[in-house]
Amino acid sequence: MTHPPTPTSPQRRWWRRPGIGLRLLGAQAIVLAAGTATTAVVAAIVGPPLFREHLHRAGVPMDSLEEVHAEEAYGYATVISIGGALAVSGVAALAVSFYLSRRLQRSITEIASAATDVAQGNYDIRVSPPRLGDDFDALATAFNQMASRLEAVDSTRQRLFGDLAHEIRTPVAVLEAYIEALEDGVRTLTPQTAAMLRDQTRRLVRFSDDVAALAKAEESSVSMSHAHVDVERLTRQCVAAVEERYDNKGVALHVRIQEGLPQLWADEQRLSQVLGNLLENALRHTPSGGCVEVSCVHDGDRLRIAVADTGDGIAAEHVSRVFERFYRSDVARDREHGGAGLGLAIAKALVEAHGGSITVASLGPNAGATFTVDLPITRPRNQTSPVSQQGYAPSQTNR
């Protein structure tokens, strides 16, 4: 039993549904046709009786020769004048509609083509403003912003995967080399070898903890546990937690807290993590004999916490990038001592989840750096009710 051939794609394209330009032109033609018909009907039904009534009032006898000639003249004049006016207005209206519909059709086609390119992964595509009104210009602007953000997200994703692979590859390669050496009998499981293997596994565990902490930090706006926080008490607790390590390295740690600080509406555990990360970061980059100062200042409805060090400093070209994931301004610093470069990204995500901002300032290499956290004192209006969430251990920072 044979079946009729299914029409292929080219065969189905012999007829296409009209685009929006033709539809607008058709709609305008229908409006013009309706207007013409209405005008003709009104002129034919309403006009002659009124004209005849005025003739009778003017003294023209009914059914006279004068009345017949006057009505014929009125009919010719009406047809010529109304017909000519309708023809001119129709041509003008169709011409304007054709021009605008073509422009609209081109703009929509351009956006549709650009959207197809974006769907195929070409995020560098942009569309020009159609200049057909604020609505269409806003549509083009929104599309360009969307494409730009998708391009940035795709670039970040590619860089993130590359960084993840690079971060994992080094300890895995070391572990594989040592295990193969043990299997081949080149090495024996000495305490030094066991320490090396343990150190590499700890690096992997620390890295996975950092990635998990960053993921939690970036979604913490819906999983924060806010309460009124005593900033002075929290600051002194964070300082006390790192004081021994500062003493062991020979770095002075000073605290300067303004009197009468108001309580801060924040998640105490995660704010403690931010401050702890900044203190660890300052210690790592401040040599023995240096100094780190923590200050808390109340300014209007904001509270600023600053961590200033006299350490390595940051070059001007690196200042704008220190909060990026996996970014290290000191490329010579190895992964073991420099960390994975996630700590400051975690701090930034947590601060922004509080409705605040974090900035860094440095005069350059060997001139120290100051990290400033700016937080609103009261609860932001758009903040949802706090949701209790178990915290996670602070992660080390790196710049």
# chains A, B, ... in the order shown; residues from 1 in each chain; ligands from 1
>>> select_by_dssp(residues="region 166-291 of chain A", states="strand (DSSP E or B)", output="list in words")
Ala227, His228, Val229, Ala252, Leu253, His254, Val255, Arg256, Ile257, Leu264, Trp265, Ala266 and Cys291 of chain A
>>> closest_residue(among="A:Glu67, A:Ala140, A:Ala43, A:Ile30", to="Ala93 (chain A)", atoms="only C-alpha atoms")
A:Ile30
>>> select_by_dssp(residues="region 78-270 of chain A", states="helix (DSSP H, G or I)", output="PyMOL selection string")
chain A and resi 78-119+134-184+191-218+220-222+231-249+268-270
>>> closest_residue(among="A:Ala112, A:Ile80, A:Ala152, A:Leu253", to="Leu139 (chain A)", atoms="only C-alpha atoms")
A:Ala112
>>> atom_distance(atom1="CA of Gly343 (chain A)", atom2="CA of Val242 (chain A)")
16.1 Å
>>> atom_distance(atom1="CA of Asp117 (chain A)", atom2="CA of Leu25 (chain A)")
28.6 Å
>>> closest_residue(among="A:Val373, A:Ala367, A:Ala177, A:Ile45", to="Ala349 (chain A)", atoms="only C-alpha atoms")
A:Val373
>>> closest_residue(among="A:Ala361, A:Leu261, A:Val307, A:Ala252", to="Ala282 (chain A)", atoms="only C-alpha atoms")
A:Val307
>>> residues_around(residues="Ile108 (chain A)", least_positions_apart="4", cutoff="9 Å", atoms="only C-alpha atoms", output="list in words")
Ile20, Arg103, Leu104, Ala112, Ser113 and Pro130 of chain A
>>> residues_around(residues="Gly368 (chain A)", least_positions_apart="3", cutoff="10 Å", atoms="only C-alpha atoms", output="ChimeraX atom specification")
/A:282,285-286,290-292,308-314,361-365
>>> write_last_selection(atoms="N, CA and C atoms", output="compact mmCIF listing (two decimals), in the first residue's frame")
# COMPACT_ATOMS: atom_id res chain seq x y z
N ALA A 282 44.66 40.28 54.47
CA ALA A 282 45.63 41.30 54.88
C ALA A 282 46.86 40.65 55.50
N HIS A 285 49.28 39.15 52.88
CA HIS A 285 50.00 40.09 52.02
C HIS A 285 50.76 41.16 52.80
N THR A 286 50.83 41.03 54.10
CA THR A 286 51.60 41.98 54.90
C THR A 286 52.82 41.28 55.47
N GLY A 290 54.96 44.63 59.51
CA GLY A 290 53.92 45.48 58.97
C GLY A 290 52.79 45.69 59.96
N CYS A 291 51.75 46.35 59.49
CA CYS A 291 50.63 46.71 60.37
C CYS A 291 49.32 46.58 59.61
N VAL A 292 48.30 46.12 60.31
CA VAL A 292 46.93 46.04 59.77
C VAL A 292 46.00 46.73 60.75
N ALA A 308 42.73 47.97 56.55
CA ALA A 308 43.85 48.59 55.85
C ALA A 308 45.15 47.91 56.27
N ASP A 309 46.00 47.59 55.28
CA ASP A 309 47.28 46.96 55.58
C ASP A 309 48.41 47.75 54.95
N THR A 310 49.62 47.46 55.38
CA THR A 310 50.82 48.12 54.85
C THR A 310 51.64 47.12 54.03
N GLY A 311 50.95 46.21 53.37
CA GLY A 311 51.62 45.11 52.71
C GLY A 311 51.94 45.33 51.25
N ASP A 312 51.69 44.27 50.45
CA ASP A 312 52.13 44.24 49.06
C ASP A 312 51.54 45.33 48.20
N GLY A 313 50.31 45.74 48.50
CA GLY A 313 49.64 46.70 47.64
C GLY A 313 49.14 46.06 46.36
N ILE A 314 48.44 46.84 45.56
CA ILE A 314 47.86 46.32 44.32
C ILE A 314 48.14 47.33 43.21
N ALA A 361 41.13 50.07 47.62
CA ALA A 361 41.95 51.20 47.20
C ALA A 361 43.40 50.89 47.54
N SER A 362 44.29 51.24 46.61
CA SER A 362 45.72 51.02 46.83
C SER A 362 46.49 52.02 45.99
N LEU A 363 47.58 52.52 46.56
CA LEU A 363 48.43 53.46 45.84
C LEU A 363 49.40 52.78 44.91
N GLY A 364 49.43 51.45 44.93
CA GLY A 364 50.31 50.72 44.04
C GLY A 364 51.09 49.64 44.77
N PRO A 365 51.99 48.96 44.08
CA PRO A 365 52.78 47.90 44.71
C PRO A 365 53.57 48.41 45.92
